[in-house]
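Below you'll find the structure, written out as structure tokens, and then a few comments.
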Amino acid sequence: MIYLNNIAYQSIDFITNLLFFILVFIIIPQIRIKSNVILAIVASITFSFIDLYHDNMSILLLIISYFFLFRHYKLKLINKILFLLTSIFIVAFSQSLAWVIPSKLFDIHSQMILILLCSVILTYVLSLSFLYLGIFIVNRWRKFINFNDPIIITVLTSAMLILFIGFLSFTTISRILKIQLAYIRINVILTVIIFIFIFLGTLYYIAGYLKQKRAIRELEKIKENSLYIKELEDNFNDMRKFKHDYKNLLLSLSVLLNNDDDTNAREKIKDLLHDSTINTNDISKLNNPRLFKIKDELVRGIIISKIITANNLNITTTTEIDTDLSISRNDSVSITRILGILFDNAIEACQKNSDPTIRFALINVENATEYIIVNNTSPNTKIDLNKIFMNGFSTKENHNGIGLANVQELVDKKPNFFLHTKFENDEFTVILTIEKEN
Amino acid sequence: MLNVAICEDNLELIDVYRLIFKNYMKDHPEHEMRIVISTGNPTEFENYIKYRSDNNDMFYLIDIEFADSQTKGIDLAEEIRRNDATAKIVFITTHEELAYLTFKRKIEPLDYIKKEDGIKSMNESLYKDLDLTFQRLHELKSQRKKMFHYSLGSRDYTIDVKDINYLETSSSSHKVFLHSLTEITEFRGNLNSIEEEFSNLYRAHKSILVNLDNIHSIDSLNKMIYFNDGSSCEVSRRKLPGLKRQMAQ
């Protein structure tokens with residue numbers, strides 16, 4: 001009888017071990033290869049023998065052989081652990097459950113073999129149904145939960161670990177107290193209760209986590225949107241500039257057509273079509289990316305457009321834009337008008353030099369912002385600064401020299417604007433200092 | 001005594017500069033000068049700037065970019081300027097894309113020396129800069145030039161009084177316009193306090209202070225004052241006799 005019992009227990013052990021591998025192969029079909037299947041069968045037989053002499057030894061060997069299955073297929077460690085725990089837990093739990101039912105139906109002493117047979121079949125049926133139920137649930141929820149997310153995997157693994165440890169400790173305690181059979185029912189019930197709690201807890205946690213992720217994604221979307229709007233704004237400005245040029249061209253065309261001189265007009269149109277001034281790629285000529293970082297659209301616009309104008313006239317330009325600039329909204333219209341006039345003057349004056357140069361700098365000092373425009377003039381010019389500011393004076397004949405007088409007028413209207421003009425060594429410097437309002 | 005301080009990350013170039021300074025000392029034994037620090041480490045240099053104990057005049061020679069340091073020459077120079085408005089600063093640079101105007105405004109350096117120009121040119125530039133330094137120091141000490149000071153934003157400006165033609169207040173705001181030989185500038189202020197401080201400035205009009213030393217002629221008929229450089233300003237009828245009396249002296 002004892003001998004028979006030994007054989008029976010050993011076969012149960014073998015069948016259980018094999019069940020574990022079957023579950024693993026179902027969960028991870030990628031490792032279901034011939035060598036692994038052979039390995040699983042051999043291991044199951046060997047471990048069942050070892051189990052005869054060293055109780056509980058087989059579980060350790062089982063774990064080791066489990067990791068050995070991943071020779072060819074690489075998987076994250078946390079996934080491996082999760083699948084391992086799931087497989088072991090399902091096998092162990094089904095086994096316990098499968099013991100409870102037949103031990104109720106049959107007499108434990110006389111119909112031992114029947115009980116054993118019954119429980120083995122039940123173990124298989126239960127395990128496989130639990131597993132497929134689990135797979136079914138996971139597949140159903142895959143739509144809502146990203147099971148590849150490392151945090152969710154970790155949460156699931158931890159939940160499974162707690163469940164597994166709980167189950168294992170119940171089993172061990174009942175074994176130590178030698179009341180294994182009597183308490184197996186309580187054990188199963190307790191495990192189910194724990195499972196429900198942990199299941200709910202995990203679900204709750206994952207739901208919270210997903211909500212947080214969605215919020216982060218939404219924020220990023222908003223950020224992208226604002227970037228896109230910024231881009232649109234820039235494009236719009238380019239368009240406006242183009243439209244401006246376009247209108248001028250149309251104007252000149254209409255004048256020609258009014259003259260009824262068709263050949264001339266056609267020629268002119270041809271010229272205009274090839275004219276580089278319509279080139280919208282002008283912007284790329286500006287080599288200072290900081291120009292685009294000037295926050296005020298008006299001020300940025302006037303500086304960029306005047307620099308482009310100067311470049312098109314073959315004037316060498318350099319720009320220096322300081323960091324952390326602040327331009328007050330109240331000042332931006334005045335600044336734009338002043339800079340427009342100053343640039344026009346500089347462009348006009350420097351062209352008398354063989355190497356016309358304009359330097360522009362926007363400098364941030366502690367309590368003020370400084371706009372500096374420096375241009376060279378024809379050598380040995382004599383400019384009377386005092387006269388420049390009078391209406392009607394200009395170094396160029398037939399020019400409406402109201403420019404600087406206008407600037408002075410604009411500056412006078414603003415108590416925090418200060419103009420500094422200097423003429424020395426054939427170089428004309430204008431510095432507009434704007435004190436920051438406190 | 002002039003202290004020379006060098007910060008350059010190329011150690012061979014430091015030796016070159018030291019040699020140039022030593023040669024200059026040999027050529028000009030009448031000038032007292034010494035090299036107090038020459039280093040490739042901007043942090044060490046910064047410490048020197050912060051904790052130097054003497055009150056000697058300073059001549060700084062600074063590389064603008066340091067290869068393996070976050071600190072830049074401009075940071076060092078700004079630190080220097082914060083403590084010493086009269087220090088002479090000369091930048092050495094290989095960079096063409098030097099923010100020339102920004103540097104000029106923020107630091108007011110004495111000179112820029114371009115490494116590309118070669119050692120010979122560097123030598124000449126440094127000699128010239130040192131000559132200029134001693135000349136300016138000499139002027140500062142011997143003549144005690146009368147300087148006119150004003151400030152804008154957080155920046156202080158000085159201008160030699162003898163370059164001023166006249167000062168004028170604006171009718172619309174509390175600004176004073178300063179007309180000099182080469183520039184016109186404006187700042188916050190009032191004429192009364194300026195008149196008190198400078199004896200050679202005469203109130204020729206309710207809103208005008210003229211520099212008596214620069215007046216070329218007075219047109220009594222049109223009530224105009226003409227200056228040596230050809231510029232002009234108004235004079236009030238009431239102030240005309242007084243002005244003529246002042247000029248006669």
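In the structure tokens, the first chain shown is A, the next is B, and so on; residue numbers restart at 1 for each chain, and ligands run from 1 in the order shown.
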
Kindly assemble as a tab-separated table a list of the chain B residues that lie within 9 Å of chain A, each paired with its nearest atom pair and their distance in Å to one decimal, using only C-alpha atoms, sorted first by chain and then by ascending residue number.
```
residue	atom	partner	partner_atom	distance
B:Ala99	CA	A:Glu320	CA	6.0
B:Tyr100	CA	A:Glu320	CA	8.1
B:Leu101	CA	A:Ala361	CA	6.3
B:Thr102	CA	A:Ile363	CA	6.4
B:Arg105	CA	A:Ile363	CA	8.3
B:Lys106	CA	A:Val365	CA	8.0
B:Leu152	CA	A:Glu435	CA	7.6
B:Gly153	CA	A:Asn367	CA	4.9
B:Ser154	CA	A:Asn367	CA	5.4
B:Arg155	CA	A:Val365	CA	8.2
B:Ser170	CA	A:Asp412	CA	8.0
B:Ser172	CA	A:Asp412	CA	6.7
B:Ser173	CA	A:Pro415	CA	6.4
B:His174	CA	A:Pro415	CA	7.6
B:Lys175	CA	A:Pro415	CA	7.9
B:His179	CA	A:Asn386	CA	7.9
B:Leu181	CA	A:Leu385	CA	8.9
B:Thr182	CA	A:Phe423	CA	5.4
B:Glu183	CA	A:Lys422	CA	4.0
B:Ile184	CA	A:Thr421	CA	5.2
B:Thr185	CA	A:His420	CA	4.2
B:Glu186	CA	A:Phe418	CA	5.7
B:Phe187	CA	A:Phe418	CA	6.5
B:Arg188	CA	A:Phe418	CA	8.8
B:Asp229	CA	A:Asp384	CA	8.9
B:Gly230	CA	A:Asp384	CA	8.2
B:Ser231	CA	A:Asn386	CA	6.8
B:Ser232	CA	A:Asn386	CA	8.3
```

Restricting it to C-alpha atoms, dump the selection as a JSON list (two decimals), in the first residue's frame.
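Now in part_37.json:
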```json
[["chain", "number", "residue", "atom", "x", "y", "z"],
["B", 99, "ALA", "CA", 29.68, 90.89, -30.04],
["B", 100, "TYR", "CA", 31.59, 94.09, -30.62],
["B", 101, "LEU", "CA", 28.98, 96.68, -29.69],
["B", 102, "THR", "CA", 27.78, 94.78, -26.66],
["B", 105, "ARG", "CA", 28.91, 99.26, -24.16],
["B", 106, "LYS", "CA", 29.16, 96.91, -21.24],
["B", 152, "LEU", "CA", 21.17, 106.93, -17.55],
["B", 153, "GLY", "CA", 19.55, 103.73, -16.44],
["B", 154, "SER", "CA", 22.17, 102.15, -14.23],
["B", 155, "ARG", "CA", 25.07, 103.45, -16.28],
["B", 170, "SER", "CA", 13.60, 120.38, -23.05],
["B", 172, "SER", "CA", 8.23, 118.99, -22.71],
["B", 173, "SER", "CA", 9.99, 116.82, -20.16],
["B", 174, "HIS", "CA", 12.51, 116.91, -17.36],
["B", 175, "LYS", "CA", 15.37, 116.13, -19.65],
["B", 179, "HIS", "CA", 25.56, 119.36, -27.00],
["B", 181, "LEU", "CA", 31.76, 118.59, -30.15],
["B", 182, "THR", "CA", 30.92, 115.06, -31.23],
["B", 183, "GLU", "CA", 27.64, 114.12, -29.62],
["B", 184, "ILE", "CA", 24.21, 115.12, -28.52],
["B", 185, "THR", "CA", 22.80, 113.29, -25.56],
["B", 186, "GLU", "CA", 20.01, 113.66, -23.09],
["B", 187, "PHE", "CA", 19.52, 112.70, -19.47],
["B", 188, "ARG", "CA", 17.36, 113.46, -16.46],
["B", 229, "ASP", "CA", 32.85, 124.19, -34.19],
["B", 230, "GLY", "CA", 30.18, 126.22, -36.01],
["B", 231, "SER", "CA", 27.17, 125.19, -33.98],
["B", 232, "SER", "CA", 24.97, 127.82, -32.40]]
```

Counting only C-alpha atoms, what is within 9 Å of A:Ile59, bar same-chain residues fewer than 4 positions away, as a ChimeraX atom specification?
/A:17,47,51,63-64,88

Within 12 Å of A:Phe25, counting only C-alpha atoms, which residues show up once you throw out same-chain ones fewer than 2 positions away? Write them as a VMD selection string, please.
chain A and resid 18 to 23 27 to 34 36 to 37 40 66 69 to 70 83 to 84 87 128 131

I need the chosen residues saved as a tab-separated table (two decimals), in the first residue's frame, with N, CA, C and O atoms.
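Okay, part_2.tsv is ready:
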```tsv
chain	number	residue	atom	x	y	z
A	18	LEU	N	4.48	18.94	-14.85
A	18	LEU	CA	4.23	19.07	-16.28
A	18	LEU	C	3.18	20.16	-16.52
A	18	LEU	O	3.31	20.96	-17.46
A	19	LEU	N	2.17	20.19	-15.64
A	19	LEU	CA	1.12	21.20	-15.76
A	19	LEU	C	1.72	22.61	-15.73
A	19	LEU	O	1.36	23.50	-16.51
A	20	PHE	N	2.67	22.78	-14.80
A	20	PHE	CA	3.34	24.08	-14.69
A	20	PHE	C	3.94	24.50	-16.03
A	20	PHE	O	3.74	25.62	-16.51
A	21	PHE	N	4.67	23.53	-16.65
A	21	PHE	CA	5.31	23.85	-17.92
A	21	PHE	C	4.28	24.11	-19.02
A	21	PHE	O	4.45	24.99	-19.85
A	22	ILE	N	3.20	23.34	-18.97
A	22	ILE	CA	2.15	23.54	-19.98
A	22	ILE	C	1.60	24.97	-19.88
A	22	ILE	O	1.45	25.68	-20.88
A	23	LEU	N	1.35	25.39	-18.64
A	23	LEU	CA	0.83	26.76	-18.44
A	23	LEU	C	1.82	27.79	-18.99
A	23	LEU	O	1.45	28.74	-19.67
A	27	ILE	N	1.15	30.61	-21.82
A	27	ILE	CA	1.30	32.05	-21.60
A	27	ILE	C	2.31	32.65	-22.59
A	27	ILE	O	2.08	33.71	-23.17
A	28	ILE	N	3.43	31.94	-22.76
A	28	ILE	CA	4.47	32.47	-23.65
A	28	ILE	C	4.67	31.51	-24.81
A	28	ILE	O	5.55	30.65	-24.78
A	29	PRO	N	3.86	31.64	-25.84
A	29	PRO	CA	3.96	30.68	-26.95
A	29	PRO	C	5.32	30.74	-27.66
A	29	PRO	O	5.72	29.76	-28.30
A	30	GLN	N	6.01	31.85	-27.51
A	30	GLN	CA	7.28	32.03	-28.23
A	30	GLN	C	8.34	31.01	-27.80
A	30	GLN	O	9.28	30.74	-28.54
A	31	ILE	N	8.24	30.48	-26.58
A	31	ILE	CA	9.29	29.55	-26.12
A	31	ILE	C	8.85	28.09	-26.31
A	31	ILE	O	9.51	27.17	-25.85
A	32	ARG	N	7.70	27.92	-26.98
A	32	ARG	CA	7.20	26.55	-27.18
A	32	ARG	C	7.96	25.91	-28.34
A	32	ARG	O	7.42	25.73	-29.44
A	33	ILE	N	9.22	25.59	-28.14
A	33	ILE	CA	10.01	24.94	-29.19
A	33	ILE	C	10.38	23.54	-28.74
A	33	ILE	O	10.30	23.22	-27.54
A	34	LYS	N	10.80	22.73	-29.70
A	34	LYS	CA	11.00	21.30	-29.45
A	34	LYS	C	11.92	21.05	-28.26
A	34	LYS	O	11.59	20.30	-27.33
A	36	ASN	N	12.70	22.86	-25.79
A	36	ASN	CA	12.13	23.28	-24.52
A	36	ASN	C	11.08	22.27	-24.03
A	36	ASN	O	10.98	21.99	-22.84
A	37	VAL	N	10.31	21.72	-24.97
A	37	VAL	CA	9.28	20.74	-24.60
A	37	VAL	C	9.95	19.50	-24.01
A	37	VAL	O	9.54	19.01	-22.95
A	40	ALA	N	11.23	20.24	-20.64
A	40	ALA	CA	10.15	20.32	-19.66
A	40	ALA	C	9.76	18.92	-19.18
A	40	ALA	O	9.63	18.67	-17.98
A	66	TYR	N	12.75	27.01	-15.23
A	66	TYR	CA	11.88	27.98	-15.89
A	66	TYR	C	12.72	29.06	-16.58
A	66	TYR	O	12.52	29.38	-17.74
A	69	LEU	N	14.43	28.21	-19.78
A	69	LEU	CA	13.63	28.12	-21.01
A	69	LEU	C	13.86	29.33	-21.91
A	69	LEU	O	13.61	29.27	-23.11
A	70	PHE	N	14.34	30.43	-21.32
A	70	PHE	CA	14.48	31.68	-22.09
A	70	PHE	C	15.87	31.79	-22.71
A	70	PHE	O	16.48	32.84	-22.69
A	83	PHE	N	5.12	36.06	-15.05
A	83	PHE	CA	4.59	34.83	-15.64
A	83	PHE	C	4.87	33.62	-14.76
A	83	PHE	O	4.03	32.73	-14.62
A	84	LEU	N	6.06	33.62	-14.16
A	84	LEU	CA	6.42	32.53	-13.25
A	84	LEU	C	5.44	32.46	-12.09
A	84	LEU	O	4.88	31.40	-11.77
A	87	SER	N	1.98	31.30	-13.15
A	87	SER	CA	1.89	29.87	-13.41
A	87	SER	C	1.89	29.08	-12.11
A	87	SER	O	1.03	28.22	-11.88
A	128	LEU	N	-6.35	25.11	-16.30
A	128	LEU	CA	-6.50	25.60	-17.66
A	128	LEU	C	-7.65	26.60	-17.74
A	128	LEU	O	-7.53	27.63	-18.44
A	131	LEU	N	-6.45	29.88	-16.29
A	131	LEU	CA	-5.48	30.53	-17.18
A	131	LEU	C	-6.20	31.18	-18.37
A	131	LEU	O	-5.97	32.35	-18.67
```

As a check of understanding: the span from atom CA of B:Asn192 to atom CA of B:Phe177 is 13.8 Å

I'd like the interatomic distance between atom CA of A:Lys352 and atom CA of A:Gln408, to a tenth of an Å.
24.5 Å

Mind listing the strand (DSSP E or B) residues of stretch 69-215 of chain B, per DSSP on the backbone, as a ChimeraX atom specification?
/B:88-93,111-114,147-152,155-160,164-169,175-180,183-188,201-205,208-211,215

Correct to one decimal, the distance atom CA of A:Leu163-atom CA of A:Arg71 is 28.4 Å
